[in-house]
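As provided, query17.cif (mmCIF, N, CA and C atoms) reads as follows.
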data_target
loop_
_atom_site.group_PDB
_atom_site.id
_atom_site.type_symbol
_atom_site.label_atom_id
_atom_site.label_comp_id
_atom_site.auth_asym_id
_atom_site.auth_seq_id
_atom_site.Cartn_x
_atom_site.Cartn_y
_atom_site.Cartn_z
ATOM 1 N N MET A 88 -10.652 5.971 6.843
ATOM 2 C CA MET A 88 -9.392 6.364 6.237
ATOM 3 C C MET A 88 -9.572 7.722 5.598
ATOM 4 N N GLY A 89 -8.588 8.576 5.766
ATOM 5 C CA GLY A 89 -8.650 9.908 5.191
ATOM 6 C C GLY A 89 -7.625 10.099 4.094
ATOM 7 N N TRP A 90 -7.946 11.001 3.182
ATOM 8 C CA TRP A 90 -7.059 11.303 2.056
ATOM 9 C C TRP A 90 -7.000 12.801 1.860
ATOM 10 N N ASN A 91 -5.814 13.290 1.551
ATOM 11 C CA ASN A 91 -5.626 14.690 1.207
ATOM 12 C C ASN A 91 -4.399 14.818 0.337
ATOM 13 N N SER A 92 -4.366 15.911 -0.403
ATOM 14 C CA SER A 92 -3.148 16.264 -1.104
ATOM 15 C C SER A 92 -2.175 16.760 -0.057
ATOM 16 N N ALA A 93 -0.940 16.354 -0.164
ATOM 17 C CA ALA A 93 0.050 16.764 0.830
ATOM 18 C C ALA A 93 0.315 18.264 0.764
ATOM 19 N N SER A 94 -0.102 18.908 -0.314
ATOM 20 C CA SER A 94 0.177 20.330 -0.470
ATOM 21 C C SER A 94 -0.774 21.226 0.301
ATOM 22 N N ASN A 95 -1.831 20.654 0.917
ATOM 23 C CA ASN A 95 -2.782 21.529 1.616
ATOM 24 C C ASN A 95 -2.519 21.641 3.110
ATOM 25 N N GLY A 96 -1.382 21.175 3.577
ATOM 26 C CA GLY A 96 -0.987 21.386 4.954
ATOM 27 C C GLY A 96 -1.570 20.420 5.965
ATOM 28 N N THR A 97 -2.161 19.335 5.528
ATOM 29 C CA THR A 97 -2.775 18.390 6.463
ATOM 30 C C THR A 97 -1.854 17.237 6.820
ATOM 31 N N MET A 98 -0.606 17.321 6.427
ATOM 32 C CA MET A 98 0.302 16.202 6.615
ATOM 33 C C MET A 98 0.661 15.963 8.083
ATOM 34 N N ALA A 99 0.393 16.902 8.972
ATOM 35 C CA ALA A 99 0.760 16.712 10.369
ATOM 36 C C ALA A 99 0.072 15.491 10.952
ATOM 37 N N ALA A 100 -1.175 15.272 10.595
ATOM 38 C CA ALA A 100 -1.935 14.151 11.137
ATOM 39 C C ALA A 100 -1.795 12.892 10.286
ATOM 40 N N MET A 101 -1.381 13.051 9.033
ATOM 41 C CA MET A 101 -1.291 11.912 8.125
ATOM 42 C C MET A 101 0.070 11.853 7.465
ATOM 43 N N LYS A 102 0.479 10.655 7.112
ATOM 44 C CA LYS A 102 1.774 10.446 6.496
ATOM 45 C C LYS A 102 1.694 10.664 4.987
ATOM 46 N N GLY A 103 2.670 11.359 4.433
ATOM 47 C CA GLY A 103 2.725 11.591 2.993
ATOM 48 C C GLY A 103 3.327 10.393 2.276
ATOM 49 N N VAL A 104 2.698 10.011 1.169
ATOM 50 C CA VAL A 104 3.163 8.883 0.371
ATOM 51 C C VAL A 104 3.270 9.352 -1.075
ATOM 52 N N ASN A 105 4.414 9.097 -1.707
ATOM 53 C CA ASN A 105 4.599 9.461 -3.106
ATOM 54 C C ASN A 105 4.020 8.372 -4.002
ATOM 55 N N VAL A 106 3.186 8.782 -4.967
ATOM 56 C CA VAL A 106 2.586 7.862 -5.926
ATOM 57 C C VAL A 106 2.689 8.477 -7.315
ATOM 58 N N GLU A 107 2.434 7.660 -8.323
ATOM 59 C CA GLU A 107 2.405 8.159 -9.694
ATOM 60 C C GLU A 107 1.127 7.669 -10.357
ATOM 61 N N ILE A 108 0.363 8.622 -10.876
ATOM 62 C CA ILE A 108 -0.881 8.326 -11.585
ATOM 63 C C ILE A 108 -0.879 9.142 -12.871
ATOM 64 N N MET A 109 -1.134 8.479 -13.982
ATOM 65 C CA MET A 109 -1.151 9.119 -15.296
ATOM 66 C C MET A 109 0.178 9.825 -15.594
ATOM 67 N N GLY A 110 1.274 9.234 -15.127
ATOM 68 C CA GLY A 110 2.582 9.819 -15.370
ATOM 69 C C GLY A 110 2.889 11.022 -14.508
ATOM 70 N N GLN A 111 2.014 11.344 -13.575
ATOM 71 C CA GLN A 111 2.199 12.502 -12.710
ATOM 72 C C GLN A 111 2.565 12.037 -11.309
ATOM 73 N N SER A 112 3.647 12.590 -10.776
ATOM 74 C CA SER A 112 4.022 12.286 -9.395
ATOM 75 C C SER A 112 3.154 13.117 -8.471
ATOM 76 N N LEU A 113 2.712 12.476 -7.402
ATOM 77 C CA LEU A 113 1.820 13.138 -6.457
ATOM 78 C C LEU A 113 2.137 12.618 -5.067
ATOM 79 N N THR A 114 2.185 13.517 -4.112
ATOM 80 C CA THR A 114 2.326 13.110 -2.721
ATOM 81 C C THR A 114 0.964 13.285 -2.076
ATOM 82 N N VAL A 115 0.442 12.186 -1.569
ATOM 83 C CA VAL A 115 -0.862 12.230 -0.915
ATOM 84 C C VAL A 115 -0.680 11.924 0.560
ATOM 85 N N ALA A 116 -1.511 12.530 1.369
ATOM 86 C CA ALA A 116 -1.483 12.286 2.804
ATOM 87 C C ALA A 116 -2.581 11.288 3.122
ATOM 88 N N SER A 117 -2.212 10.228 3.800
ATOM 89 C CA SER A 117 -3.171 9.188 4.136
ATOM 90 C C SER A 117 -2.821 8.594 5.483
ATOM 91 N N ASP A 118 -3.859 8.136 6.183
ATOM 92 C CA ASP A 118 -3.591 7.439 7.437
ATOM 93 C C ASP A 118 -3.478 5.937 7.197
ATOM 94 N N GLY A 119 -3.450 5.521 5.920
ATOM 95 C CA GLY A 119 -3.231 4.125 5.567
ATOM 96 C C GLY A 119 -1.745 3.849 5.417
ATOM 97 N N GLY A 120 -1.404 2.588 5.295
ATOM 98 C CA GLY A 120 -0.003 2.218 5.112
ATOM 99 C C GLY A 120 0.488 2.542 3.717
ATOM 100 N N ASP A 121 1.794 2.705 3.588
ATOM 101 C CA ASP A 121 2.403 3.058 2.306
ATOM 102 C C ASP A 121 2.041 2.065 1.203
ATOM 103 N N ASP A 122 2.167 0.771 1.486
ATOM 104 C CA ASP A 122 1.881 -0.242 0.472
ATOM 105 C C ASP A 122 0.428 -0.187 0.022
ATOM 106 N N TYR A 123 -0.466 0.021 0.966
ATOM 107 C CA TYR A 123 -1.891 0.122 0.648
ATOM 108 C C TYR A 123 -2.154 1.318 -0.268
ATOM 109 N N VAL A 124 -1.574 2.457 0.065
ATOM 110 C CA VAL A 124 -1.755 3.674 -0.725
ATOM 111 C C VAL A 124 -1.198 3.475 -2.127
ATOM 112 N N ARG A 125 -0.024 2.881 -2.223
ATOM 113 C CA ARG A 125 0.573 2.651 -3.546
ATOM 114 C C ARG A 125 -0.265 1.674 -4.370
ATOM 115 N N GLU A 126 -0.838 0.665 -3.730
ATOM 116 C CA GLU A 126 -1.694 -0.287 -4.443
ATOM 117 C C GLU A 126 -2.948 0.401 -4.966
ATOM 118 N N LEU A 127 -3.534 1.274 -4.177
ATOM 119 C CA LEU A 127 -4.700 2.021 -4.644
ATOM 120 C C LEU A 127 -4.329 2.931 -5.811
ATOM 121 N N ALA A 128 -3.179 3.575 -5.732
ATOM 122 C CA ALA A 128 -2.727 4.440 -6.825
ATOM 123 C C ALA A 128 -2.528 3.613 -8.096
ATOM 124 N N ARG A 129 -1.978 2.399 -7.951
ATOM 125 C CA ARG A 129 -1.813 1.520 -9.117
ATOM 126 C C ARG A 129 -3.170 1.149 -9.713
ATOM 127 N N ALA A 130 -4.162 0.913 -8.859
ATOM 128 C CA ALA A 130 -5.503 0.577 -9.330
ATOM 129 C C ALA A 130 -6.119 1.750 -10.087
ATOM 130 N N VAL A 131 -5.944 2.952 -9.568
ATOM 131 C CA VAL A 131 -6.471 4.146 -10.247
ATOM 132 C C VAL A 131 -5.778 4.325 -11.589
ATOM 133 N N ASP A 132 -4.463 4.202 -11.601
ATOM 134 C CA ASP A 132 -3.707 4.352 -12.840
ATOM 135 C C ASP A 132 -4.133 3.290 -13.855
ATOM 136 N N ALA A 133 -4.306 2.049 -13.408
ATOM 137 C CA ALA A 133 -4.724 0.970 -14.314
ATOM 138 C C ALA A 133 -6.119 1.235 -14.873
ATOM 139 N N LYS A 134 -7.024 1.739 -14.044
ATOM 140 C CA LYS A 134 -8.387 2.037 -14.506
ATOM 141 C C LYS A 134 -8.361 3.133 -15.554
ATOM 142 N N ILE A 135 -7.563 4.150 -15.337
ATOM 143 C CA ILE A 135 -7.461 5.239 -16.311
ATOM 144 C C ILE A 135 -6.881 4.720 -17.623
ATOM 145 N N ARG A 136 -5.861 3.865 -17.537
ATOM 146 C CA ARG A 136 -5.280 3.289 -18.754
ATOM 147 C C ARG A 136 -6.307 2.416 -19.486
ATOM 148 N N GLU A 137 -7.112 1.693 -18.725
ATOM 149 C CA GLU A 137 -8.166 0.860 -19.310
ATOM 150 C C GLU A 137 -9.177 1.733 -20.054
ATOM 151 N N ILE A 138 -9.579 2.817 -19.436
ATOM 152 C CA ILE A 138 -10.536 3.733 -20.070
ATOM 153 C C ILE A 138 -9.926 4.359 -21.311
ATOM 154 N N ARG A 139 -8.688 4.795 -21.189
ATOM 155 C CA ARG A 139 -7.990 5.435 -22.314
ATOM 156 C C ARG A 139 -7.834 4.463 -23.473
ATOM 157 N N GLY A 140 -7.552 3.202 -23.168
ATOM 158 C CA GLY A 140 -7.342 2.202 -24.212
ATOM 159 C C GLY A 140 -8.617 1.567 -24.728
ATOM 160 N N GLY A 141 -9.745 1.906 -24.129
ATOM 161 C CA GLY A 141 -11.008 1.277 -24.493
ATOM 162 C C GLY A 141 -11.755 1.982 -25.597
ATOM 163 N N GLY A 142 -11.068 2.696 -26.443
ATOM 164 C CA GLY A 142 -11.738 3.351 -27.554
ATOM 165 C C GLY A 142 -12.319 4.709 -27.219
ATOM 166 N N THR A 143 -12.072 5.195 -25.996
ATOM 167 C CA THR A 143 -12.551 6.517 -25.624
ATOM 168 C C THR A 143 -11.829 7.553 -26.472
ATOM 169 N N GLN A 144 -12.588 8.490 -26.992
ATOM 170 C CA GLN A 144 -11.986 9.559 -27.785
ATOM 171 C C GLN A 144 -10.926 10.267 -26.950
ATOM 172 N N ALA A 145 -10.036 10.947 -27.623
ATOM 173 C CA ALA A 145 -9.008 11.695 -26.900
ATOM 174 C C ALA A 145 -9.694 12.690 -25.967
ATOM 175 N N VAL A 146 -9.445 12.525 -24.686
ATOM 176 C CA VAL A 146 -10.062 13.402 -23.688
ATOM 177 C C VAL A 146 -8.983 13.920 -22.757
ATOM 178 N N SER A 147 -9.334 14.954 -22.031
ATOM 179 C CA SER A 147 -8.373 15.559 -21.110
ATOM 180 C C SER A 147 -8.146 14.654 -19.905
ATOM 181 N N SER A 148 -7.081 14.960 -19.198
ATOM 182 C CA SER A 148 -6.755 14.208 -17.987
ATOM 183 C C SER A 148 -7.876 14.287 -16.965
ATOM 184 N N ILE A 149 -8.502 15.450 -16.848
ATOM 185 C CA ILE A 149 -9.580 15.598 -15.870
ATOM 186 C C ILE A 149 -10.763 14.723 -16.253
ATOM 187 N N HIS A 150 -11.056 14.631 -17.538
ATOM 188 C CA HIS A 150 -12.156 13.766 -17.967
ATOM 189 C C HIS A 150 -11.836 12.300 -17.698
ATOM 190 N N LEU A 151 -10.599 11.904 -17.933
ATOM 191 C CA LEU A 151 -10.197 10.527 -17.628
ATOM 192 C C LEU A 151 -10.325 10.251 -16.132
ATOM 193 N N ALA A 152 -9.909 11.215 -15.315
ATOM 194 C CA ALA A 152 -10.008 11.044 -13.873
ATOM 195 C C ALA A 152 -11.471 10.941 -13.431
ATOM 196 N N ILE A 153 -12.343 11.752 -14.036
ATOM 197 C CA ILE A 153 -13.767 11.700 -13.700
ATOM 198 C C ILE A 153 -14.364 10.367 -14.124
ATOM 199 N N LEU A 154 -14.025 9.892 -15.319
ATOM 200 C CA LEU A 154 -14.521 8.590 -15.774
ATOM 201 C C LEU A 154 -14.035 7.466 -14.860
ATOM 202 N N ALA A 155 -12.784 7.539 -14.421
ATOM 203 C CA ALA A 155 -12.265 6.528 -13.490
ATOM 204 C C ALA A 155 -13.028 6.596 -12.172
ATOM 205 N N ALA A 156 -13.273 7.814 -11.673
ATOM 206 C CA ALA A 156 -14.019 7.970 -10.425
ATOM 207 C C ALA A 156 -15.429 7.394 -10.562
ATOM 208 N N LEU A 157 -16.074 7.626 -11.702
ATOM 209 C CA LEU A 157 -17.411 7.070 -11.928
ATOM 210 C C LEU A 157 -17.376 5.549 -11.977
ATOM 211 N N ASN A 158 -16.351 4.986 -12.596
ATOM 212 C CA ASN A 158 -16.203 3.530 -12.628
ATOM 213 C C ASN A 158 -16.049 2.970 -11.220
ATOM 214 N N PHE A 159 -15.196 3.600 -10.422
ATOM 215 C CA PHE A 159 -15.002 3.141 -9.047
ATOM 216 C C PHE A 159 -16.262 3.337 -8.210
ATOM 217 N N ALA A 160 -16.972 4.448 -8.417
ATOM 218 C CA ALA A 160 -18.213 4.687 -7.679
ATOM 219 C C ALA A 160 -19.265 3.643 -8.048
ATOM 220 N N ASP A 161 -19.337 3.290 -9.316
ATOM 221 C CA ASP A 161 -20.272 2.253 -9.757
ATOM 222 C C ASP A 161 -19.937 0.917 -9.101
ATOM 223 N N GLU A 162 -18.665 0.560 -9.123
ATOM 224 C CA GLU A 162 -18.243 -0.691 -8.495
ATOM 225 C C GLU A 162 -18.539 -0.684 -6.997
ATOM 226 N N LEU A 163 -18.265 0.422 -6.344
ATOM 227 C CA LEU A 163 -18.528 0.542 -4.910
ATOM 228 C C LEU A 163 -20.022 0.387 -4.608
ATOM 229 N N GLU A 164 -20.867 1.047 -5.398
ATOM 230 C CA GLU A 164 -22.310 0.972 -5.159
ATOM 231 C C GLU A 164 -22.832 -0.446 -5.396
ATOM 232 N N ARG A 165 -22.345 -1.096 -6.452
ATOM 233 C CA ARG A 165 -22.760 -2.480 -6.707
ATOM 234 C C ARG A 165 -22.345 -3.397 -5.556
ATOM 235 N N LEU A 166 -21.135 -3.219 -5.058
ATOM 236 C CA LEU A 166 -20.670 -4.024 -3.931
ATOM 237 C C LEU A 166 -21.442 -3.699 -2.655
ATOM 238 N N ARG A 167 -21.787 -2.424 -2.461
ATOM 239 C CA ARG A 167 -22.573 -2.034 -1.293
ATOM 240 C C ARG A 167 -23.944 -2.703 -1.324
ATOM 241 N N LEU A 168 -24.585 -2.692 -2.502
ATOM 242 C CA LEU A 168 -25.899 -3.322 -2.635
ATOM 243 C C LEU A 168 -25.807 -4.836 -2.447
ATOM 244 N N GLU A 169 -24.762 -5.436 -3.003
ATOM 245 C CA GLU A 169 -24.552 -6.876 -2.830
ATOM 246 C C GLU A 169 -24.322 -7.213 -1.352
ATOM 247 N N HIS A 170 -23.531 -6.399 -0.684
ATOM 248 C CA HIS A 170 -23.266 -6.600 0.738
ATOM 249 C C HIS A 170 -24.557 -6.502 1.538
ATOM 250 N N GLN A 171 -25.365 -5.476 1.249
ATOM 251 C CA GLN A 171 -26.618 -5.291 1.971
ATOM 252 C C GLN A 171 -27.538 -6.492 1.754
ATOM 253 N N ALA A 172 -27.608 -7.007 0.533
ATOM 254 C CA ALA A 172 -28.444 -8.176 0.250
ATOM 255 C C ALA A 172 -27.948 -9.391 1.033
ATOM 256 N N LEU A 173 -26.644 -9.562 1.133
ATOM 257 C CA LEU A 173 -26.085 -10.678 1.893
ATOM 258 C C LEU A 173 -26.371 -10.533 3.386
ATOM 259 N N VAL A 174 -26.255 -9.315 3.902
ATOM 260 C CA VAL A 174 -26.559 -9.078 5.311
ATOM 261 C C VAL A 174 -28.018 -9.417 5.594
ATOM 262 N N GLU A 175 -28.912 -8.977 4.715
ATOM 263 C CA GLU A 175 -30.341 -9.270 4.900
ATOM 264 C C GLU A 175 -30.610 -10.774 4.837
ATOM 265 N N ARG A 176 -29.926 -11.458 3.945
ATOM 266 C CA ARG A 176 -30.078 -12.908 3.827
ATOM 267 C C ARG A 176 -29.604 -13.614 5.098
ATOM 268 N N ILE A 177 -28.473 -13.182 5.619
ATOM 269 C CA ILE A 177 -27.936 -13.769 6.857
ATOM 270 C C ILE A 177 -28.886 -13.500 8.020
ATOM 271 N N GLU A 178 -29.415 -12.279 8.100
ATOM 272 C CA GLU A 178 -30.355 -11.958 9.176
ATOM 273 C C GLU A 178 -31.602 -12.838 9.085
ATOM 274 N N ALA A 179 -32.109 -13.062 7.870
ATOM 275 C CA ALA A 179 -33.289 -13.917 7.694
ATOM 276 C C ALA A 179 -32.971 -15.357 8.092
ATOM 277 N N MET A 180 -31.802 -15.841 7.707
ATOM 278 C CA MET A 180 -31.398 -17.201 8.069
ATOM 279 C C MET A 180 -31.224 -17.321 9.585
ATOM 280 N N ASN A 181 -30.665 -16.279 10.192
ATOM 281 C CA ASN A 181 -30.472 -16.269 11.633
ATOM 282 C C ASN A 181 -31.824 -16.339 12.360
ATOM 283 N N LYS A 182 -32.813 -15.593 11.864
ATOM 284 C CA LYS A 182 -34.151 -15.624 12.471
ATOM 285 C C LYS A 182 -34.771 -17.012 12.336
ATOM 286 N N ARG A 183 -34.632 -17.621 11.140
ATOM 287 C CA ARG A 183 -35.190 -18.965 10.946
ATOM 288 C C ARG A 183 -34.493 -19.980 11.847
ATOM 289 N N LEU A 184 -33.186 -19.870 11.958
ATOM 290 C CA LEU A 184 -32.431 -20.779 12.815
ATOM 291 C C LEU A 184 -32.822 -20.593 14.281
ATOM 292 N N SER A 185 -32.933 -19.342 14.715
ATOM 293 C CA SER A 185 -33.346 -19.072 16.095
ATOM 294 C C SER A 185 -34.738 -19.621 16.367
ATOM 295 N N ALA A 186 -35.652 -19.449 15.401
ATOM 296 C CA ALA A 186 -37.008 -19.959 15.570
ATOM 297 C C ALA A 186 -36.997 -21.483 15.627
ATOM 298 N N ALA A 187 -36.172 -22.112 14.816
ATOM 299 C CA ALA A 187 -36.086 -23.582 14.831
ATOM 300 C C ALA A 187 -35.510 -24.069 16.149
ATOM 301 N N ILE A 188 -34.496 -23.391 16.662
ATOM 302 C CA ILE A 188 -33.896 -23.779 17.941
ATOM 303 C C ILE A 188 -34.906 -23.573 19.076
ATOM 304 N N ASP A 189 -35.594 -22.447 19.057
ATOM 305 C CA ASP A 189 -36.596 -22.168 20.087
ATOM 306 C C ASP A 189 -37.728 -23.178 20.018
ATOM 307 N N GLY A 190 -38.099 -23.582 18.830
ATOM 308 C CA GLY A 190 -39.189 -24.549 18.647
ATOM 309 C C GLY A 190 -38.811 -25.920 19.166
ATOM 310 N N THR A 191 -37.545 -26.313 19.041
ATOM 311 C CA THR A 191 -37.121 -27.638 19.508
ATOM 312 C C THR A 191 -36.793 -27.626 20.997
ATOM 313 N N SER A 192 -36.507 -26.457 21.548
ATOM 314 C CA SER A 192 -36.169 -26.361 22.953
ATOM 315 C C SER A 192 -37.383 -26.379 23.851
ATOM 316 N N ALA A 193 -38.525 -25.995 23.298
ATOM 317 C CA ALA A 193 -39.732 -25.855 24.125
ATOM 318 C C ALA A 193 -40.356 -27.170 24.494
#
Mind converting the file's structure to structure tokens?
Amino acid sequence: MGWNSASNGTMAAMKGVNVEIMGQSLTVASDGGDDYVRELARAVDAKIREIRGGGTQAVSSIHLAILAALNFADELERLRLEHQALVERIEAMNKRLSAAIDGTSA
């Protein structure tokens, strides 16, 4: 999936979707569906509000956006590591199962 600001001229290949984050209207170009894009924008806005309401000192919008990006990156990395561990576990189970089947077939 690709993302761009609609103002940089890339809208020919991607559809522009209007969203609101931090009270700012923004048109983003995405090859995802409108509902999906709006749901992601709501998640970003909610994360920023969570950070803002969590006792963070008064910070600029850019700092809030960076903190939200770091939160999402942390969540993504944790999920990536969890996914990799599950894949490795499944592969190990698959090898044991294959060995058990081969052992009973012989």
Can you list, as a ChimeraX atom specification, every protein, DNA or RNA residue that comes within 9 Å of A:Phe159 when you count only C-alpha atoms, leaving out same-chain residues fewer than 4 positions away?
/A:131,134,154-155,163-164
Near-A:Ile108 list (9 Å; only C-alpha atoms; drop same-chain fewer than 6 positions) as a PDB file with N, CA and C atoms, in the coordinates of the input:
ATOM      1  N   ALA A 128      -3.179   3.575  -5.732  1.00  0.00           N
ATOM      2  CA  ALA A 128      -2.727   4.440  -6.825  1.00  0.00           C
ATOM      3  C   ALA A 128      -2.528   3.613  -8.096  1.00  0.00           C
ATOM      4  N   ARG A 129      -1.978   2.399  -7.951  1.00  0.00           N
ATOM      5  CA  ARG A 129      -1.813   1.520  -9.117  1.00  0.00           C
ATOM      6  C   ARG A 129      -3.170   1.149  -9.713  1.00  0.00           C
ATOM      7  N   VAL A 131      -5.944   2.952  -9.568  1.00  0.00           N
ATOM      8  CA  VAL A 131      -6.471   4.146 -10.247  1.00  0.00           C
ATOM      9  C   VAL A 131      -5.778   4.325 -11.589  1.00  0.00           C
ATOM     10  N   ASP A 132      -4.463   4.202 -11.601  1.00  0.00           N
ATOM     11  CA  ASP A 132      -3.707   4.352 -12.840  1.00  0.00           C
ATOM     12  C   ASP A 132      -4.133   3.290 -13.855  1.00  0.00           C
ATOM     13  N   ALA A 133      -4.306   2.049 -13.408  1.00  0.00           N
ATOM     14  CA  ALA A 133      -4.724   0.970 -14.314  1.00  0.00           C
ATOM     15  C   ALA A 133      -6.119   1.235 -14.873  1.00  0.00           C
ATOM     16  N   ILE A 135      -7.563   4.150 -15.337  1.00  0.00           N
ATOM     17  CA  ILE A 135      -7.461   5.239 -16.311  1.00  0.00           C
ATOM     18  C   ILE A 135      -6.881   4.720 -17.623  1.00  0.00           C
TER      19      ILE A 135
END
When you look at stretch 100-106 of chain A with a cut-off of 6 Å (counting all atoms listed in the file), what residues show up, excluding the ones that are within fewer than 6 positions of it in the same chain? I need them as number ranges by chain.
A: 112-118
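In this structure, atom CA of A:Val146 sits 22.8 Å away from atom CA of A:Leu127.
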